[in-house]
>>> print(open('final_7.json').read())   # JSON, C-alpha atoms
[["chain", "number", "residue", "atom", "x", "y", "z"],
["A", 102, "MET", "CA", 12.16, -9.96, -9.19],
["A", 103, "THR", "CA", 14.76, -11.88, -7.21],
["A", 104, "ALA", "CA", 18.47, -11.70, -7.79],
["A", 105, "GLY", "CA", 20.49, -14.86, -8.11],
["A", 106, "THR", "CA", 23.44, -15.15, -5.76],
["A", 107, "THR", "CA", 26.93, -16.50, -6.10],
["A", 108, "GLU", "CA", 29.21, -17.80, -3.42],
["A", 109, "MET", "CA", 32.19, -15.69, -2.35],
["A", 110, "ASP", "CA", 34.77, -16.05, 0.38],
["A", 111, "GLU", "CA", 34.73, -12.73, 2.21],
["A", 112, "SER", "CA", 32.16, -12.55, 5.02],
["A", 113, "SER", "CA", 31.85, -12.31, 8.80],
["A", 114, "SER", "CA", 29.13, -14.93, 8.51],
["A", 115, "ASP", "CA", 29.78, -16.55, 11.89],
["A", 116, "SER", "CA", 28.11, -13.56, 13.57],
["A", 117, "LEU", "CA", 25.23, -12.96, 11.17],
["A", 118, "GLU", "CA", 21.72, -12.44, 12.52],
["A", 119, "VAL", "CA", 18.34, -12.74, 10.79],
["A", 120, "ARG", "CA", 15.14, -10.89, 11.72],
["A", 121, "LEU", "CA", 12.41, -8.66, 10.35],
["A", 122, "ALA", "CA", 12.93, -4.94, 9.84],
["A", 123, "VAL", "CA", 11.49, -2.94, 12.73],
["A", 124, "SER", "CA", 12.00, 0.64, 11.52],
["A", 125, "THR", "CA", 11.79, 2.83, 8.44],
["A", 126, "ALA", "CA", 15.56, 3.22, 8.55],
["A", 127, "GLU", "CA", 16.03, -0.54, 8.29],
["A", 128, "ILE", "CA", 13.59, -0.81, 5.37],
["A", 129, "GLU", "CA", 15.42, 1.99, 3.59],
["A", 130, "ALA", "CA", 18.71, 0.18, 4.20],
["A", 131, "ALA", "CA", 17.23, -2.90, 2.50],
["A", 132, "GLN", "CA", 16.11, -0.69, -0.39],
["A", 133, "ARG", "CA", 19.61, 0.77, -0.73],
["A", 134, "LEU", "CA", 21.05, -2.75, -0.83],
["A", 135, "ARG", "CA", 18.51, -3.71, -3.49],
["A", 136, "TYR", "CA", 19.50, -0.65, -5.51],
["A", 137, "ARG", "CA", 23.21, -1.48, -5.35],
["A", 138, "VAL", "CA", 22.62, -5.08, -6.43],
["A", 139, "PHE", "CA", 19.82, -4.70, -8.98],
["A", 140, "TYR", "CA", 20.72, -1.39, -10.58],
["A", 141, "GLU", "CA", 24.42, -0.77, -10.05],
["A", 142, "GLU", "CA", 25.61, -4.37, -10.27],
["A", 143, "MET", "CA", 23.05, -6.11, -12.51],
["A", 144, "GLY", "CA", 22.24, -3.19, -14.80],
["A", 145, "ALA", "CA", 18.55, -2.68, -14.04],
["A", 146, "LYS", "CA", 17.00, 0.60, -15.17],
["A", 147, "PRO", "CA", 15.90, 2.83, -12.26],
["A", 148, "SER", "CA", 13.24, 5.49, -12.39],
["A", 149, "PRO", "CA", 14.52, 9.05, -11.92],
["A", 150, "GLU", "CA", 13.12, 9.00, -8.37],
["A", 151, "MET", "CA", 14.98, 5.79, -7.53],
["A", 152, "ALA", "CA", 18.22, 7.08, -9.02],
["A", 153, "ALA", "CA", 17.97, 10.30, -7.01],
["A", 154, "ALA", "CA", 17.32, 8.42, -3.77],
["A", 155, "GLY", "CA", 19.73, 5.54, -4.43],
["A", 156, "ARG", "CA", 16.99, 3.12, -3.33],
["A", 157, "ASP", "CA", 14.83, 0.48, -5.03],
["A", 158, "PHE", "CA", 11.23, 0.99, -3.93],
["A", 159, "ASP", "CA", 7.65, 0.53, -5.10],
["A", 160, "GLN", "CA", 4.10, 0.71, -3.81],
["A", 161, "PHE", "CA", 4.33, -2.75, -2.26],
["A", 162, "ASP", "CA", 7.12, -1.97, 0.21],
["A", 163, "GLU", "CA", 4.93, -0.36, 2.85],
["A", 164, "ASP", "CA", 2.65, -3.40, 3.09],
["A", 165, "TRP", "CA", 5.24, -6.18, 3.05],
["A", 166, "ASP", "CA", 7.51, -7.51, 5.77],
["A", 167, "HIS", "CA", 11.23, -7.12, 5.14],
["A", 168, "LEU", "CA", 13.49, -9.97, 6.22],
["A", 169, "LEU", "CA", 17.03, -8.84, 6.98],
["A", 170, "VAL", "CA", 20.37, -10.52, 7.40],
["A", 171, "ILE", "CA", 22.46, -8.29, 9.64],
["A", 172, "ASP", "CA", 26.19, -8.29, 10.31],
["A", 173, "PRO", "CA", 26.50, -6.85, 13.86],
["A", 174, "THR", "CA", 30.13, -5.93, 13.22],
["A", 175, "LYS", "CA", 28.86, -3.35, 10.69],
["A", 176, "GLY", "CA", 26.05, -2.10, 12.94],
["A", 177, "SER", "CA", 23.11, -3.37, 14.98],
["A", 178, "GLY", "CA", 20.40, -1.99, 12.72],
["A", 179, "ALA", "CA", 20.31, -0.29, 9.33],
["A", 180, "ASP", "CA", 24.10, -0.06, 9.10],
["A", 181, "GLY", "CA", 24.44, -3.82, 9.36],
["A", 182, "VAL", "CA", 22.03, -4.94, 6.59],
["A", 183, "VAL", "CA", 23.82, -7.32, 4.19],
["A", 184, "GLY", "CA", 20.89, -9.39, 2.87],
["A", 185, "THR", "CA", 17.17, -8.99, 2.43],
["A", 186, "TYR", "CA", 13.99, -10.72, 1.28],
["A", 187, "ARG", "CA", 10.51, -9.23, 0.94],
["A", 188, "LEU", "CA", 7.57, -11.23, 2.34],
["A", 189, "GLN", "CA", 3.81, -10.75, 1.93],
["A", 190, "ARG", "CA", 1.06, -12.81, 3.57],
["A", 191, "ARG", "CA", -2.30, -12.94, 1.83],
["A", 192, "GLU", "CA", -3.88, -13.08, 5.28],
["A", 193, "ASN", "CA", -2.24, -9.80, 6.30],
["A", 194, "PRO", "CA", -5.00, -7.15, 6.76],
["A", 195, "LYS", "CA", -2.86, -4.78, 4.64],
["A", 196, "PHE", "CA", -2.84, -7.19, 1.67],
["A", 197, "ARG", "CA", -4.05, -5.58, -1.55],
["A", 198, "SER", "CA", -2.73, -7.65, -4.44],
["A", 199, "PHE", "CA", 0.03, -10.05, -5.44],
["A", 200, "TYR", "CA", 3.14, -8.49, -6.95],
["A", 201, "SER", "CA", 3.52, -11.50, -9.26],
["A", 202, "ALA", "CA", 0.13, -10.71, -10.84],
["A", 203, "GLY", "CA", 1.97, -8.14, -12.96],
["A", 204, "GLU", "CA", 3.61, -11.02, -14.85],
["A", 205, "TYR", "CA", 1.42, -14.09, -14.23],
["A", 206, "ASP", "CA", -2.18, -15.16, -14.05],
["A", 207, "VAL", "CA", -2.10, -16.16, -10.39],
["A", 208, "GLY", "CA", -5.71, -17.35, -10.33],
["A", 209, "PRO", "CA", -4.68, -20.86, -9.21],
["A", 210, "ILE", "CA", -2.79, -19.33, -6.26],
["A", 211, "ALA", "CA", -5.63, -16.93, -5.44],
["A", 212, "GLY", "CA", -8.00, -19.91, -5.41],
["A", 213, "PHE", "CA", -5.85, -21.92, -3.02],
["A", 214, "SER", "CA", -7.70, -22.38, 0.26],
["A", 215, "GLY", "CA", -4.71, -22.35, 2.63],
["A", 216, "ARG", "CA", -2.46, -19.59, 3.91],
["A", 217, "VAL", "CA", -0.28, -18.06, 1.19],
["A", 218, "LEU", "CA", 3.09, -16.28, 1.35],
["A", 219, "GLU", "CA", 4.55, -14.35, -1.59],
["A", 220, "LEU", "CA", 8.30, -13.77, -1.68],
["A", 221, "GLY", "CA", 10.50, -11.47, -3.73],
["A", 222, "ARG", "CA", 13.20, -8.80, -3.96],
["A", 223, "SER", "CA", 15.89, -11.08, -2.54],
["A", 224, "CYS", "CA", 19.50, -9.98, -2.72],
["A", 225, "VAL", "CA", 22.78, -10.18, -0.81],
["A", 226, "ASP", "CA", 25.72, -7.79, -0.57],
["A", 227, "PRO", "CA", 28.51, -9.06, -2.87],
["A", 228, "ARG", "CA", 30.92, -9.40, 0.08],
["A", 229, "PHE", "CA", 28.50, -11.73, 1.89],
["A", 230, "ARG", "CA", 27.46, -14.13, -0.88],
["A", 231, "THR", "CA", 28.28, -17.26, 1.02],
["A", 232, "LYS", "CA", 26.46, -20.46, 1.82],
["A", 233, "MET", "CA", 26.01, -19.20, 5.39],
["A", 234, "THR", "CA", 24.22, -16.03, 4.31],
["A", 235, "MET", "CA", 21.81, -18.00, 2.12],
["A", 236, "GLN", "CA", 21.18, -20.39, 5.01],
["A", 237, "MET", "CA", 20.35, -17.43, 7.23],
["A", 238, "LEU", "CA", 17.79, -16.19, 4.68],
["A", 239, "TRP", "CA", 16.23, -19.67, 4.46],
["A", 240, "ARG", "CA", 16.22, -19.90, 8.25],
["A", 241, "GLY", "CA", 14.30, -16.65, 8.41],
["A", 242, "ILE", "CA", 11.79, -17.80, 5.82],
["A", 243, "ALA", "CA", 11.32, -21.13, 7.61],
["A", 244, "SER", "CA", 10.68, -19.35, 10.90],
["A", 245, "TYR", "CA", 8.19, -17.02, 9.22],
["A", 246, "VAL", "CA", 6.40, -20.02, 7.70],
["A", 247, "PHE", "CA", 6.15, -21.67, 11.13],
["A", 248, "ALA", "CA", 5.02, -18.49, 12.87],
["A", 249, "HIS", "CA", 2.18, -17.83, 10.42],
["A", 250, "ASP", "CA", 1.21, -21.43, 9.55],
["A", 251, "ILE", "CA", 1.92, -20.85, 5.86],
["A", 252, "ASP", "CA", 0.63, -23.59, 3.54],
["A", 253, "LEU", "CA", 2.00, -22.35, 0.22],
["A", 254, "MET", "CA", 4.70, -19.89, -0.77],
["A", 255, "PHE", "CA", 5.43, -18.54, -4.22],
["A", 256, "GLY", "CA", 7.05, -15.71, -6.12],
["A", 257, "CYS", "CA", 8.93, -14.68, -9.22],
["A", 258, "ALA", "CA", 12.57, -15.77, -9.33],
["A", 259, "SER", "CA", 15.07, -14.62, -11.92],
["A", 260, "LEU", "CA", 17.64, -16.00, -14.30],
["A", 261, "PRO", "CA", 20.22, -13.48, -15.52],
["A", 262, "GLY", "CA", 19.79, -12.12, -19.02],
["A", 263, "THR", "CA", 16.93, -11.53, -21.42],
["A", 264, "SER", "CA", 17.68, -14.07, -24.19],
["A", 265, "PRO", "CA", 15.43, -17.15, -23.93],
["A", 266, "ASP", "CA", 17.61, -18.97, -26.46],
["A", 267, "GLN", "CA", 20.67, -18.55, -24.27],
["A", 268, "LEU", "CA", 18.62, -19.80, -21.31],
["A", 269, "ALA", "CA", 17.11, -22.71, -23.24],
["A", 270, "LEU", "CA", 18.80, -25.36, -21.07],
["A", 271, "PRO", "CA", 17.64, -24.20, -17.61],
["A", 272, "LEU", "CA", 14.20, -23.14, -18.86],
["A", 273, "SER", "CA", 13.61, -26.49, -20.58],
["A", 274, "TYR", "CA", 14.86, -28.37, -17.54],
["A", 275, "LEU", "CA", 12.40, -26.53, -15.29],
["A", 276, "TYR", "CA", 9.55, -27.17, -17.73],
["A", 277, "HIS", "CA", 10.19, -30.90, -18.13],
["A", 278, "HIS", "CA", 11.09, -31.72, -14.52],
["A", 279, "HIS", "CA", 9.41, -29.17, -12.26],
["A", 280, "LEU", "CA", 6.19, -27.94, -13.88],
["A", 281, "ALA", "CA", 3.54, -27.31, -11.22],
["A", 282, "PRO", "CA", 0.34, -29.38, -11.06],
["A", 283, "GLN", "CA", -2.43, -27.86, -13.14],
["A", 284, "ASP", "CA", -4.49, -26.76, -10.13],
["A", 285, "LEU", "CA", -1.57, -24.69, -8.77],
["A", 286, "ARG", "CA", 0.07, -23.60, -12.03],
["A", 287, "PRO", "CA", 0.30, -19.86, -12.74],
["A", 288, "ARG", "CA", 0.68, -18.98, -16.40],
["A", 289, "ALA", "CA", 2.58, -16.03, -17.83],
["A", 290, "LEU", "CA", 0.21, -13.31, -19.00],
["A", 291, "PRO", "CA", -0.68, -13.04, -22.70],
["A", 292, "GLY", "CA", 1.79, -10.74, -24.38],
["A", 293, "LEU", "CA", 4.48, -11.62, -21.82],
["A", 294, "PHE", "CA", 4.49, -15.41, -22.23],
["A", 295, "VAL", "CA", 7.83, -16.92, -23.29],
["A", 296, "GLU", "CA", 7.86, -20.65, -24.05],
["A", 297, "MET", "CA", 10.03, -22.61, -21.61],
["A", 298, "ASN", "CA", 9.88, -25.88, -23.54],
["A", 299, "ARG", "CA", 12.79, -25.06, -25.86],
["A", 300, "LEU", "CA", 14.68, -28.38, -25.81],
["A", 301, "GLU", "CA", 13.42, -31.94, -25.94],
["A", 302, "LYS", "CA", 13.60, -33.71, -22.59],
["A", 303, "ASP", "CA", 16.08, -36.34, -23.75],
["A", 304, "ARG", "CA", 18.51, -33.63, -24.91],
["A", 305, "ILE", "CA", 18.84, -32.12, -21.45],
["A", 306, "SER", "CA", 21.93, -32.80, -19.33],
["A", 307, "LEU", "CA", 20.65, -32.69, -15.75],
["A", 308, "ARG", "CA", 24.06, -31.76, -14.39],
["A", 309, "ASP", "CA", 24.56, -28.92, -16.85],
["A", 310, "ALA", "CA", 21.00, -27.67, -16.33],
["A", 311, "LEU", "CA", 21.38, -27.55, -12.56],
["A", 312, "ASN", "CA", 24.72, -25.77, -12.89],
["A", 313, "ALA", "CA", 23.00, -23.16, -15.06],
["A", 314, "LEU", "CA", 20.35, -22.37, -12.44],
["A", 315, "PRO", "CA", 20.87, -19.55, -9.91],
["A", 316, "PRO", "CA", 21.41, -20.85, -6.34],
["A", 317, "LEU", "CA", 18.12, -19.35, -5.15],
["A", 318, "ILE", "CA", 16.06, -21.29, -7.71],
["A", 319, "LYS", "CA", 17.97, -24.46, -6.83],
["A", 320, "GLY", "CA", 17.08, -23.79, -3.20],
["A", 321, "TYR", "CA", 13.37, -23.71, -4.07],
["A", 322, "LEU", "CA", 13.71, -26.96, -6.00],
["A", 323, "ARG", "CA", 15.35, -28.66, -3.01],
["A", 324, "LEU", "CA", 12.20, -27.79, -1.08],
["A", 325, "GLY", "CA", 10.10, -29.63, -3.63],
["A", 326, "GLY", "CA", 9.32, -26.50, -5.60],
["A", 327, "TRP", "CA", 7.55, -26.26, -8.97],
["A", 328, "VAL", "CA", 7.39, -23.59, -11.64],
["A", 329, "GLY", "CA", 4.52, -22.02, -13.51],
["A", 330, "ASP", "CA", 4.00, -22.22, -17.25],
["A", 331, "GLY", "CA", 5.93, -19.67, -19.26],
["A", 332, "ALA", "CA", 8.80, -17.35, -18.51],
["A", 333, "VAL", "CA", 8.65, -13.54, -18.60],
["A", 334, "ILE", "CA", 11.37, -11.19, -19.85],
["A", 335, "ASP", "CA", 11.87, -8.32, -17.41],
["A", 336, "HIS", "CA", 13.70, -5.70, -19.44],
["A", 337, "GLN", "CA", 13.86, -3.24, -16.54],
["A", 338, "PHE", "CA", 15.79, -5.70, -14.40],
["A", 339, "ASN", "CA", 17.69, -7.40, -17.26],
["A", 340, "THR", "CA", 16.38, -10.83, -16.22],
["A", 341, "THR", "CA", 14.14, -13.69, -17.29],
["A", 342, "ASP", "CA", 11.59, -14.55, -14.60],
["A", 343, "VAL", "CA", 9.90, -17.81, -13.67],
["A", 344, "CYS", "CA", 7.15, -18.26, -11.11],
["A", 345, "VAL", "CA", 8.12, -20.68, -8.34],
["A", 346, "ILE", "CA", 5.59, -22.44, -6.08],
["A", 347, "VAL", "CA", 6.28, -24.48, -2.92],
["A", 348, "LYS", "CA", 3.70, -26.25, -0.75],
["A", 349, "THR", "CA", 5.08, -26.26, 2.75],
["A", 350, "ASP", "CA", 3.66, -29.70, 3.58],
["A", 351, "GLN", "CA", 6.08, -31.08, 0.99],
["A", 352, "ILE", "CA", 9.11, -29.61, 2.71],
["A", 353, "THR", "CA", 10.82, -32.47, 4.45],
["A", 354, "ASP", "CA", 11.10, -32.73, 8.23],
["A", 355, "LYS", "CA", 14.83, -33.24, 7.73],
["A", 356, "TYR", "CA", 15.11, -29.78, 6.17],
["A", 357, "PHE", "CA", 13.04, -28.01, 8.81],
["A", 358, "ARG", "CA", 14.97, -29.63, 11.66],
["A", 359, "HIS", "CA", 17.86, -27.38, 10.67],
["A", 360, "TYR", "CA", 15.86, -24.36, 11.78],
["A", 361, "ASP", "CA", 14.64, -23.13, 15.13],
["A", 362, "ARG", "CA", 10.93, -22.33, 15.08],
["A", 363, "THR", "CA", 11.58, -19.52, 17.57],
["A", 364, "ALA", "CA", 14.46, -18.01, 15.60],
["A", 365, "LEU", "CA", 12.59, -14.81, 14.77],
["A", 366, "ARG", "CA", 11.44, -12.95, 17.86],
["A", 367, "THR", "CA", 9.91, -10.02, 15.97],
["A", 368, "LEU", "CA", 7.31, -11.93, 13.95]]
>>> encode(input="final_7.json", output="structure tokens")
Amino acid sequence: MTAGTTEMDESSSDSLEVRLAVSTAEIEAAQRLRYRVFYEEMGAKPSPEMAAAGRDFDQFDEDWDHLLVIDPTKGSGADGVVGTYRLQRRENPKFRSFYSAGEYDVGPIAGFSGRVLELGRSCVDPRFRTKMTMQMLWRGIASYVFAHDIDLMFGCASLPGTSPDQLALPLSYLYHHHLAPQDLRPRALPGLFVEMNRLEKDRISLRDALNALPPLIKGYLRLGGWVGDGAVIDHQFNTTDVCVIVKTDQITDKYFRHYDRTALRTL
């Protein structure tokens, strides 16, 4: 599950840093941020253990890398975490399974011969939801992709709300304009599958559809991203999920020139 972000004015973004978490304290700070955004702000339903700890956590956290955006004016480590993204390489010796397999048949991804990166659990502190913070997260992902020679990245991204009819415009737009090729197309699991093709293509206003998409999903689309077949309602997180796929060889040189391949020193 990935939270959408909105742009706000208040942020010390000129001094923001991006790197991987290097301690348990920093991972727990990312989990506390996830809890504030997903559960306190967006209305997700925590387990009793999560509520008691004030952290969002699961069995995947210990095996994944945790990308952090840090505001040094708040602190150099855990105290400064204002944004986070969770990253998992299939080639990591600790890899056990894809998180997205809980919602999608990821057989086409599992059968892909190149290096695969799964992304998720992205969120930003409300006071730092600016274009700069999102650029820092993308810079970190780009550096991670370079460092590990990633060929394909994917993950579940979320639209707010659990009513497919209310989300008919963005879901139909994604289906008609960004459906992944068959050989790379995950499909929502039986029993979870929600039809995305809810409006005829000629009834879709491209401008309105794009305005209805969360910034994070629009960011994937700018990279040449596709979506899998079928959405999934996530009642715990109060969202509707789509599976997004990006082949890194389709990301333009112009985009990657914005990012320093050596930006992350802790990869």
>>> residues_around(input="final_7.json", residues="Pro271 in chain A", least_positions_apart="6", cutoff="7 Å", atoms="all atoms listed in the file", output="list of chain:residue names")
A:Ala310, A:Ala313, A:Leu314
>>> residues_around(input="final_7.json", residues="Asp250 in chain A", least_positions_apart="6", cutoff="10 Å", atoms="all atoms listed in the file", output="PyMOL selection string")
chain A and resi 215-218+244+349
>>> residues_around(input="final_7.json", residues="Phe338 in chain A", least_positions_apart="2", cutoff="9 Å", atoms="only C-alpha atoms", output="PyMOL selection string")
chain A and resi 102+139-140+143-147+262+334-336+340-341
>>> atom_distance(input="final_7.json", atom1="CA of Pro291 in chain A", atom2="CA of Gly203 in chain A")
11.2 Å
>>> residues_around(input="final_7.json", residues="Leu275 in chain A", least_positions_apart="3", cutoff="9 Å", atoms="all atoms listed in the file", output="PyMOL selection string")
chain A and resi 270-272+278-280+297-298+310+327-328
>>> axis_aligned_box(input="final_7.json", around="range 272-281 of chain A", padding_each_side="4 Å", output="AutoDock Vina command-line options")
--center_x 9.2 --center_y -27.4 --center_z -15.9 --size_x 19.3 --size_y 16.6 --size_z 17.4
>>> atom_distance(input="final_7.json", atom1="CA of Leu169 in chain A", atom2="CA of Lys195 in chain A")
20.4 Å
>>> closest_residue(input="final_7.json", among="A:Thr234, A:Pro209, A:Arg240, A:Gly292", to="Gly329 in chain A", atoms="only C-alpha atoms")
A:Pro209
